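Reading through the structure tokens given below for one structure.
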Amino acid sequence: MNIFEQQQNEFAARHIGPNEVETKAMLKAIGVASLDELIEKTVPNSIRLQKPLATDGPVSEFEYLTELKKAASLNKVFKSYIGQGYYNTILPSVILRNIFENPGWYTQYTPYQAEIAQGRLESLLNFQTMVSDLTGLPIANASLLDEGTAAAEAMAMLFNFKNKDTDHITAPKFFVDENTFTQTKAVLKTRATPINIELVFGNYKTVILDESYFGALVQYPDSIGSVEDYKIFINAAHAVNAQVVMATDLLALALLTPPGELGADVAIGSAQRFGVPMGFGGPHAAFFATKDEFKRNIPGRIIGVSVDAKGNRCLRMALQTREQHIRREKATSNICTAQALLANMAAMYAVYYGAGGIKNIAKRIALLTQTLAEALEERGFEVVNKTFFDTITVKTNNLSAIKEKAEHQQINFFYTEDGLITISLDETTTPKDLFDLINSFENDTDPVAFEINFEDTLTNIPTSLTRTSDFLTHPVFNSYRTESQMMRYIKSLENKDLSLNTSMISLGSCTMKLNAATQLIPVSWPEFSNIHPFAPANQWQGYQQIITELQHWLSTITGFTATSLQPNSGAQGEYAGLLAIRGYHAARKEAHRNIILIPISAHGTNPASAVMAGFKVVVTKCDDAGNIDVADLKLNAENMLVILQVLWLHTQVHGVFEESIKEICQLIHDNGGLVYMDGANMNAQVGLTSPGNIGADVCHLNLHKTFAIPHGGGGPGMGPICVNEKLAPIYRAMVPA
């Protein structure tokens, strides 16, 4: 290997860690002479790949960044006024540098060991306090995956709370207001169908609820920007024993009456507005707050305050993993993680600004929005929503001309299917921006003019919905106003934690790898971080290139036909993969196949995901080493062949390759079933074997394991699903183009 070829391979040596001497010492300790011999002894020959992966060779870190910069340059960063749950933000530099770009925060593992995680647990407790204060509800969790998922989790929680016996459902209906964000409605549809929830879409003002409804969801402010008073609706729901979920906006709640004071039972939404970039749709930390009566049903994890053996205050995850690892197939949620890094950023945003700072940000946005609305009305345009915080919807007969002029000024609005234009302002909007905004609606001859009355009252927010209660009163939100104070507070928490910049974290494949700085630098580039997920396709061709390449590479290493990057965690990948199998059998008019066989050694999310996807779980035996009891599996498979679906979900939590895995896959296929493989440990297979080669039909990947994406104190990042030719048509039908 010449010195230039060595340059191409330098990253691998730094990334993997052990040098040649250390590797030899470890091999000697376990009694083998080489890595090849180790592989021969651990990976059964029957599942080994017969030829090398068809992948490109390595590149240097400099070449990688150069190529990625070319892809980034294909993206067009327009000024986004699209809104719909995603907004431009200003991340304070002290948080950017000391958390988002700091390995002391982004390499932390899930805080299962509280004694080495007191810093991030305190920050997550701050997040919960912030959410509880702003929503006016007494209990909040430590974040969820995104707003749509949080809405679906709220729906499922209330469904199971009302319908104790899911085999005899007495209240199947869930109402969703028509002015809910589109992406939230889509997730609700996906999650409702498998567990027999009947969604009813309509106008909250006209719907008539009865005892057949277990709950309802409304958006506050809604998708057209209107600030609606839901008190009468909530009372009507409670009168028929139905609970109400309010999808809301934390920044708006600085000015609006919180959901808890309106009587809502659950408040959900995204914390993205608190300093987190749009990032083409995520990841972002969702929030979930509810009444005390639901504390045993709330999904995800809750950080609680406790006392240690010496009587000192300490923090721990109070309800973490309860559902999956204890209740397993009786679990009502497969959520076992949180968007911890993004939740910590949002929490620090609240610590940095406090109630007064956040209220001022909200007032500036609301005042500019009110000024824009008045200017457009003066020019003859009708603003559809008479109440608003940051978003107005405008009726026009000249949409195409306005769109052309806006895009010429590199401005994106949201254009509805019925010909309306929705405009959402944010904390990056300045008075100067109003000239361009108004100019998009103006002719080219008259000069743009408007007047901002800085002492003006916010007439766009109804007096009855103006917030009067205090929030963020805890000292932590009122003590760190200078950058030096903030930096020292962040550092003090970091020093209480164990991260990869301190030590190896010997808790498995999630942590025993390098989170390379070169991999993470592009995350902060505006060409990636400032793209709205609903921007026109010609503005994100760089993203399209990266998505296409990654899908191809993941299909290659897994031995599958197609890959979807849509799921945003391993658990969501499991769920999406199982839905693909469900769709496959439905398309073959075999929807009656609904039994899934899962080994007793499986990860807790596996049976939970199966139940959420509408399957009935039958647990099969394993031996003392965690290997599958093939005889028991065969007995179950053959007995259920006649009328039911047989599936196999294989997981490698015990860390050993199954000697009989090909026999197992064939057995399931012979009985008309499909094989789902948990791909959590794909890093042990790459280049040696693959799920496709073994005989699986679908698997999900945890990219933070296989490709060293930072865990961020609880993750997750992405959980793609990869499928074979049987499921590729179903997968393509599930995933929007």
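Residue numbers start at 1 in each chain; chains themselves are named A, B, ... in the order of the structure tokens; ligands are numbered from 1 in the order shown.
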
Kindly assemble as CSV a list of the stretch 28-139 of chain A residues that lie within 10 Å of stretch 328-345 of chain A, each paired with its nearest atom pair and their distance in Å to one decimal, using only C-alpha atoms, sorted first by chain and then by ascending residue number.
residue,atom,partner,partner_atom,distance
A:Leu91,CA,A:Met345,CA,8.6
A:Pro92,CA,A:Met345,CA,9.7
A:Ile95,CA,A:Met345,CA,6.8
A:Leu96,CA,A:Met345,CA,8.3
A:Asn98,CA,A:Met345,CA,9.9
A:Ile99,CA,A:Met345,CA,7.0
A:Phe100,CA,A:Met345,CA,7.3
A:Trp105,CA,A:Leu341,CA,7.2
A:Tyr106,CA,A:Leu341,CA,6.4
A:Thr107,CA,A:Leu341,CA,9.4
A:Gln108,CA,A:Leu341,CA,9.0
A:Tyr109,CA,A:Ala340,CA,9.8
A:Thr110,CA,A:Thr337,CA,8.0
A:Pro111,CA,A:Ala340,CA,9.9
A:Arg120,CA,A:Asn344,CA,7.5
A:Leu121,CA,A:Asn344,CA,9.3
A:Glu122,CA,A:Asn344,CA,9.4
A:Ser123,CA,A:Asn344,CA,5.8
A:Leu124,CA,A:Asn344,CA,6.0
A:Leu125,CA,A:Asn344,CA,9.3
A:Asn126,CA,A:Asn344,CA,8.3
A:Phe127,CA,A:Ala343,CA,6.4
A:Gln128,CA,A:Ala343,CA,9.2

If you run DSSP on this backbone, which residues of stretch 129-215 of chain A come out as helix (DSSP H, G or I), and could you give them as a ChimeraX atom specification?
-> /A:129-135,147-162,182-195

Quick one: write out the picked residues with N, CA, C and O atoms as a CSV table (one decimal), in the first residue's frame?
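Okay, selection_11.csv is ready:
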chain,number,residue,atom,x,y,z
A,129,THR,N,-39.7,20.4,33.3
A,129,THR,CA,-40.2,21.6,34.1
A,129,THR,C,-40.7,22.7,33.1
A,129,THR,O,-41.7,23.3,33.3
A,130,MET,N,-39.8,23.0,32.1
A,130,MET,CA,-40.2,23.9,31.1
A,130,MET,C,-41.5,23.6,30.4
A,130,MET,O,-42.4,24.4,30.3
A,131,VAL,N,-41.6,22.3,30.0
A,131,VAL,CA,-42.8,21.9,29.3
A,131,VAL,C,-44.1,22.0,30.2
A,131,VAL,O,-45.1,22.4,29.8
A,132,SER,N,-43.9,21.5,31.4
A,132,SER,CA,-45.0,21.5,32.4
A,132,SER,C,-45.5,22.9,32.7
A,132,SER,O,-46.7,23.2,32.7
A,133,ASP,N,-44.5,23.9,32.9
A,133,ASP,CA,-44.9,25.3,33.1
A,133,ASP,C,-45.6,25.9,31.9
A,133,ASP,O,-46.6,26.6,32.1
A,134,LEU,N,-45.1,25.7,30.7
A,134,LEU,CA,-45.7,26.3,29.6
A,134,LEU,C,-47.0,25.8,29.2
A,134,LEU,O,-47.9,26.5,28.7
A,135,THR,N,-47.2,24.4,29.4
A,135,THR,CA,-48.5,23.8,29.0
A,135,THR,C,-49.5,23.9,30.1
A,135,THR,O,-50.7,23.6,29.9
A,147,GLU,N,-43.5,15.6,16.7
A,147,GLU,CA,-44.9,16.0,17.1
A,147,GLU,C,-45.9,14.9,16.7
A,147,GLU,O,-46.8,14.6,17.4
A,148,GLY,N,-45.8,14.4,15.4
A,148,GLY,CA,-46.8,13.4,14.9
A,148,GLY,C,-46.8,12.2,15.8
A,148,GLY,O,-47.8,11.6,16.2
A,149,THR,N,-45.6,11.7,16.2
A,149,THR,CA,-45.5,10.5,17.0
A,149,THR,C,-46.1,10.8,18.4
A,149,THR,O,-46.8,10.0,19.0
A,150,ALA,N,-45.8,12.0,18.9
A,150,ALA,CA,-46.4,12.3,20.2
A,150,ALA,C,-47.9,12.4,20.2
A,150,ALA,O,-48.6,11.9,21.1
A,151,ALA,N,-48.5,12.9,19.1
A,151,ALA,CA,-49.9,12.8,19.0
A,151,ALA,C,-50.5,11.4,18.9
A,151,ALA,O,-51.5,11.1,19.6
A,152,ALA,N,-49.8,10.5,18.2
A,152,ALA,CA,-50.2,9.1,18.1
A,152,ALA,C,-50.1,8.4,19.5
A,152,ALA,O,-50.9,7.6,19.8
A,153,GLU,N,-49.0,8.8,20.2
A,153,GLU,CA,-48.8,8.2,21.5
A,153,GLU,C,-49.9,8.7,22.5
A,153,GLU,O,-50.4,7.9,23.3
A,154,ALA,N,-50.3,9.9,22.4
A,154,ALA,CA,-51.4,10.4,23.2
A,154,ALA,C,-52.7,9.7,22.8
A,154,ALA,O,-53.5,9.3,23.7
A,155,MET,N,-53.0,9.6,21.5
A,155,MET,CA,-54.2,8.9,21.1
A,155,MET,C,-54.2,7.4,21.6
A,155,MET,O,-55.2,7.0,22.2
A,156,ALA,N,-53.1,6.7,21.5
A,156,ALA,CA,-53.0,5.3,22.0
A,156,ALA,C,-53.2,5.3,23.5
A,156,ALA,O,-53.9,4.4,24.0
A,157,MET,N,-52.6,6.2,24.2
A,157,MET,CA,-52.7,6.2,25.7
A,157,MET,C,-54.2,6.4,26.1
A,157,MET,O,-54.7,5.7,27.0
A,158,LEU,N,-54.9,7.3,25.5
A,158,LEU,CA,-56.3,7.6,25.9
A,158,LEU,C,-57.2,6.4,25.4
A,158,LEU,O,-58.1,6.1,26.1
A,159,PHE,N,-56.8,5.8,24.3
A,159,PHE,CA,-57.6,4.7,23.8
A,159,PHE,C,-57.6,3.5,24.8
A,159,PHE,O,-58.6,2.9,25.2
A,160,ASN,N,-56.4,3.2,25.3
A,160,ASN,CA,-56.2,2.1,26.2
A,160,ASN,C,-56.7,2.5,27.6
A,160,ASN,O,-57.1,1.6,28.4
A,161,PHE,N,-56.7,3.7,28.0
A,161,PHE,CA,-57.2,4.2,29.2
A,161,PHE,C,-58.7,4.0,29.3
A,161,PHE,O,-59.3,3.6,30.3
A,162,LYS,N,-59.4,4.3,28.2
A,162,LYS,CA,-60.8,4.2,28.1
A,162,LYS,C,-61.3,2.8,27.8
A,162,LYS,O,-62.3,2.3,28.4
A,182,THR,N,-50.9,18.6,8.7
A,182,THR,CA,-51.1,17.4,7.8
A,182,THR,C,-50.2,16.2,8.2
A,182,THR,O,-50.7,15.1,8.1
A,183,GLN,N,-49.0,16.4,8.5
A,183,GLN,CA,-48.1,15.3,8.9
A,183,GLN,C,-48.6,14.6,10.1
A,183,GLN,O,-48.4,13.4,10.3
A,184,THR,N,-49.2,15.4,11.0
A,184,THR,CA,-49.7,14.7,12.3
A,184,THR,C,-50.9,13.9,11.9
A,184,THR,O,-51.0,12.7,12.4
A,185,LYS,N,-51.8,14.3,11.0
A,185,LYS,CA,-52.9,13.5,10.6
A,185,LYS,C,-52.5,12.2,9.9
A,185,LYS,O,-53.1,11.2,10.1
A,186,ALA,N,-51.4,12.3,9.2
A,186,ALA,CA,-50.9,11.1,8.5
A,186,ALA,C,-50.4,10.1,9.4
A,186,ALA,O,-50.7,8.9,9.3
A,187,VAL,N,-49.7,10.5,10.5
A,187,VAL,CA,-49.2,9.6,11.5
A,187,VAL,C,-50.3,9.0,12.3
A,187,VAL,O,-50.3,7.8,12.5
A,188,LEU,N,-51.3,9.8,12.6
A,188,LEU,CA,-52.5,9.3,13.3
A,188,LEU,C,-53.2,8.2,12.5
A,188,LEU,O,-53.6,7.2,13.0
A,189,LYS,N,-53.3,8.4,11.2
A,189,LYS,CA,-54.0,7.4,10.3
A,189,LYS,C,-53.2,6.1,10.4
A,189,LYS,O,-53.8,5.0,10.5
A,190,THR,N,-51.9,6.2,10.3
A,190,THR,CA,-51.0,5.0,10.2
A,190,THR,C,-51.2,4.2,11.6
A,190,THR,O,-51.3,3.0,11.5
A,191,ARG,N,-51.1,4.9,12.7
A,191,ARG,CA,-51.1,4.3,14.0
A,191,ARG,C,-52.5,3.8,14.4
A,191,ARG,O,-52.6,2.8,15.2
A,192,ALA,N,-53.6,4.4,13.9
A,192,ALA,CA,-54.9,4.0,14.3
A,192,ALA,C,-55.4,2.7,13.7
A,192,ALA,O,-56.0,1.9,14.4
A,193,THR,N,-55.1,2.5,12.5
A,193,THR,CA,-55.7,1.4,11.7
A,193,THR,C,-55.4,0.0,12.4
A,193,THR,O,-56.3,-0.8,12.6
A,194,PRO,N,-54.1,-0.3,12.7
A,194,PRO,CA,-53.9,-1.7,13.2
A,194,PRO,C,-54.5,-2.0,14.5
A,194,PRO,O,-54.8,-3.2,14.8
A,195,ILE,N,-54.8,-1.0,15.3
A,195,ILE,CA,-55.4,-1.3,16.7
A,195,ILE,C,-56.9,-0.9,16.7
A,195,ILE,O,-57.5,-0.8,17.8

Using only C-alpha atoms, which residues sit within 7 Å of A:Asn671 once same-chain residues fewer than 2 positions away are excluded, as a short mmCIF file (atom, residue, chain, number, x, y, z; two decimals) with N, CA, C and O atoms, in the first residue's frame?
data_model
loop_
_atom_site.label_atom_id
_atom_site.label_comp_id
_atom_site.auth_asym_id
_atom_site.auth_seq_id
_atom_site.Cartn_x
_atom_site.Cartn_y
_atom_site.Cartn_z
N ALA A 637 -45.14 -23.09 14.62
CA ALA A 637 -45.35 -22.73 13.22
C ALA A 637 -46.31 -23.69 12.54
O ALA A 637 -47.22 -23.28 11.81
N GLU A 638 -46.13 -24.99 12.77
CA GLU A 638 -46.97 -25.97 12.10
C GLU A 638 -48.39 -25.97 12.65
O GLU A 638 -49.36 -26.11 11.90
N LEU A 641 -50.34 -23.00 11.13
CA LEU A 641 -50.29 -22.84 9.68
C LEU A 641 -51.66 -22.69 9.06
O LEU A 641 -51.85 -21.94 8.11
N LEU A 667 -38.02 -22.56 7.63
CA LEU A 667 -39.20 -23.10 8.32
C LEU A 667 -40.36 -22.10 8.26
O LEU A 667 -41.51 -22.48 7.97
N ILE A 668 -40.07 -20.86 8.54
CA ILE A 668 -41.12 -19.84 8.51
C ILE A 668 -41.66 -19.66 7.10
O ILE A 668 -42.88 -19.60 6.88
N HIS A 669 -40.77 -19.61 6.13
CA HIS A 669 -41.21 -19.46 4.73
C HIS A 669 -42.04 -20.65 4.28
O HIS A 669 -43.03 -20.48 3.55
N GLY A 673 -45.09 -17.78 6.14
CA GLY A 673 -44.82 -16.55 6.86
C GLY A 673 -43.64 -15.79 6.28
O GLY A 673 -42.99 -16.22 5.33
#

Which is closest to A:Asn501 among A:Gly695, A:Gly104, A:Pro52, A:Gly614, if we use only C-alpha atoms?
-> A:Gly104

Pick from A:Phe657, A:Phe175, A:Phe454, A:Phe233, whichever lies nearest to A:Ala216 using only C-alpha atoms | A:Phe175

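For the atom pair formed by atom CA of A:Tyr204 and atom CA of A:Leu251, the distance is 23.6 Å, given to one decimal.
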
Residues near A:Pro172, cut-off 8 Å, only C-alpha atoms, skip fewer than 3 positions along chain, as a ChimeraX atom specification = /A:159,169,196-198,212-214

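Every protein, DNA or RNA residue with an atom at most 10 Å from A:Lys496, where only C-alpha atoms count and chain neighbours fewer than 3 positions away do not, is listed here: Glu115, Ile116, Ala117, Gln118, Gly119, Arg120, Leu121, Glu122, Lys491, Ser492, Leu493 and Ser499 of chain A.
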
For the residues selected in the previous step, produce a file with C-alpha atoms as a PDB file, in the first residue's frame.
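In the end it all went to result-v9.pdb:
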ATOM      1  CA  GLU A 115     -24.562   7.843  39.031  1.00  0.00           C
ATOM      2  CA  ILE A 116     -22.626   8.789  35.867  1.00  0.00           C
ATOM      3  CA  ALA A 117     -25.433  10.830  34.302  1.00  0.00           C
ATOM      4  CA  GLN A 118     -26.469  13.430  36.882  1.00  0.00           C
ATOM      5  CA  GLY A 119     -25.655  16.363  34.575  1.00  0.00           C
ATOM      6  CA  ARG A 120     -27.807  15.404  31.617  1.00  0.00           C
ATOM      7  CA  LEU A 121     -30.541  14.164  33.954  1.00  0.00           C
ATOM      8  CA  GLU A 122     -30.673  17.639  35.496  1.00  0.00           C
ATOM      9  CA  LYS A 491     -19.806  22.845  31.955  1.00  0.00           C
ATOM     10  CA  SER A 492     -20.805  22.046  35.531  1.00  0.00           C
ATOM     11  CA  LEU A 493     -23.431  19.600  34.242  1.00  0.00           C
ATOM     12  CA  SER A 499     -19.033  10.648  27.846  1.00  0.00           C
TER      13      SER A 499
END

Tell me, counting only C-alpha atoms, for each residue of stretch 531-648 of chain A within 9 Å of stretch 271-287 of chain A, which pair of atoms is nearest and how far apart they are in Å to one decimal, in rows ordered by chain and increasing number, as a tab-separated table.
residue	atom	partner	partner_atom	distance
A:Ile531	CA	A:Phe280	CA	4.9
A:His532	CA	A:Phe280	CA	4.9
A:Pro533	CA	A:Phe280	CA	4.4
A:Phe534	CA	A:Phe280	CA	8.1
A:Ala535	CA	A:Phe280	CA	8.6
A:Trp540	CA	A:Phe280	CA	8.8
A:Tyr543	CA	A:Phe280	CA	8.6
A:Asn568	CA	A:Pro283	CA	7.5

Hey, can you spit out that residue selection with N, CA and C atoms as a JSON list (two decimals), in the first residue's frame?
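Once written, selection_39.json looks like this:
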[["chain", "number", "residue", "atom", "x", "y", "z"],
["A", 531, "ILE", "N", -33.00, 23.99, 5.83],
["A", 531, "ILE", "CA", -33.94, 23.60, 4.78],
["A", 531, "ILE", "C", -35.24, 23.13, 5.42],
["A", 532, "HIS", "N", -36.36, 23.69, 4.98],
["A", 532, "HIS", "CA", -37.68, 23.29, 5.48],
["A", 532, "HIS", "C", -38.10, 21.99, 4.79],
["A", 533, "PRO", "N", -38.71, 21.06, 5.52],
["A", 533, "PRO", "CA", -39.10, 19.78, 4.90],
["A", 533, "PRO", "C", -40.15, 19.91, 3.80],
["A", 534, "PHE", "N", -40.90, 21.02, 3.78],
["A", 534, "PHE", "CA", -41.91, 21.22, 2.74],
["A", 534, "PHE", "C", -41.43, 22.17, 1.65],
["A", 535, "ALA", "N", -40.15, 22.46, 1.61],
["A", 535, "ALA", "CA", -39.61, 23.31, 0.55],
["A", 535, "ALA", "C", -39.76, 22.60, -0.79],
["A", 540, "TRP", "N", -33.87, 21.17, -2.74],
["A", 540, "TRP", "CA", -33.12, 20.21, -1.91],
["A", 540, "TRP", "C", -32.57, 19.04, -2.72],
["A", 543, "TYR", "N", -29.88, 17.14, -0.78],
["A", 543, "TYR", "CA", -30.46, 16.13, 0.10],
["A", 543, "TYR", "C", -30.90, 14.91, -0.69],
["A", 568, "ASN", "N", -37.67, 7.28, 12.36],
["A", 568, "ASN", "CA", -36.71, 8.12, 13.08],
["A", 568, "ASN", "C", -36.19, 7.50, 14.36]]

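The coordinates place atom CA of A:Met246 at 24.5 Å from atom CA of A:Thr166.
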
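Counting only C-alpha atoms, A:Asn203 has the following residues at most 9 Å away, ignoring those fewer than 5 positions along the same chain: Val176, Asp177, Glu178 and Asn179 of chain A.
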
Write to file, as a short mmCIF file (atom, residue, chain, number, x, y, z; two decimals), in the first residue's frame, the residues of the selection just made, with all heavy atoms.
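Resulting contents of again37.cif:
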data_model
loop_
_atom_site.label_atom_id
_atom_site.label_comp_id
_atom_site.auth_asym_id
_atom_site.auth_seq_id
_atom_site.Cartn_x
_atom_site.Cartn_y
_atom_site.Cartn_z
N VAL A 176 -60.41 14.24 15.17
CA VAL A 176 -59.25 15.06 14.84
C VAL A 176 -59.73 16.28 14.05
O VAL A 176 -60.38 16.13 12.99
CB VAL A 176 -58.22 14.28 14.00
CG1 VAL A 176 -57.01 15.17 13.69
CG2 VAL A 176 -57.79 13.01 14.71
N ASP A 177 -59.44 17.46 14.55
CA ASP A 177 -59.89 18.67 13.86
C ASP A 177 -59.20 18.80 12.51
O ASP A 177 -58.02 18.48 12.35
CB ASP A 177 -59.61 19.90 14.71
CG ASP A 177 -60.18 21.17 14.08
OD1 ASP A 177 -61.41 21.29 14.00
OD2 ASP A 177 -59.37 22.02 13.64
N GLU A 178 -59.94 19.28 11.52
CA GLU A 178 -59.44 19.37 10.15
C GLU A 178 -58.25 20.32 10.01
O GLU A 178 -57.46 20.19 9.07
CB GLU A 178 -60.57 19.80 9.21
CG GLU A 178 -61.18 21.16 9.57
CD GLU A 178 -62.50 21.43 8.85
OE1 GLU A 178 -62.98 20.52 8.16
OE2 GLU A 178 -63.04 22.54 9.01
N ASN A 179 -58.11 21.26 10.92
CA ASN A 179 -56.99 22.21 10.85
C ASN A 179 -55.80 21.79 11.71
O ASN A 179 -55.08 22.62 12.26
CB ASN A 179 -57.46 23.61 11.24
CG ASN A 179 -58.29 24.25 10.15
OD1 ASN A 179 -58.17 23.88 8.98
ND2 ASN A 179 -59.14 25.19 10.50
#

Filtered DSSP result for stretch 58-125 of chain A, state strand (DSSP E or B), as a PyMOL selection string | chain A and resi 75+79-80+83+86+117

Show which residues sit within 6 Å of A:Ser424, as a PDB file with C-alpha atoms, in the first residue's frame. Count only C-alpha atoms, and ignore same-chain residues fewer than 4 positions away.
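Dumped to result-v5.pdb:
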ATOM      1  CA  TYR A  81     -42.167  31.250   5.986  1.00  0.00           C
ATOM      2  CA  ILE A  82     -43.787  27.831   5.501  1.00  0.00           C
ATOM      3  CA  GLY A  83     -44.342  27.014   9.168  1.00  0.00           C
ATOM      4  CA  ASP A 390     -47.297  34.031  14.156  1.00  0.00           C
ATOM      5  CA  THR A 391     -49.227  32.724  11.149  1.00  0.00           C
TER       6      THR A 391
END
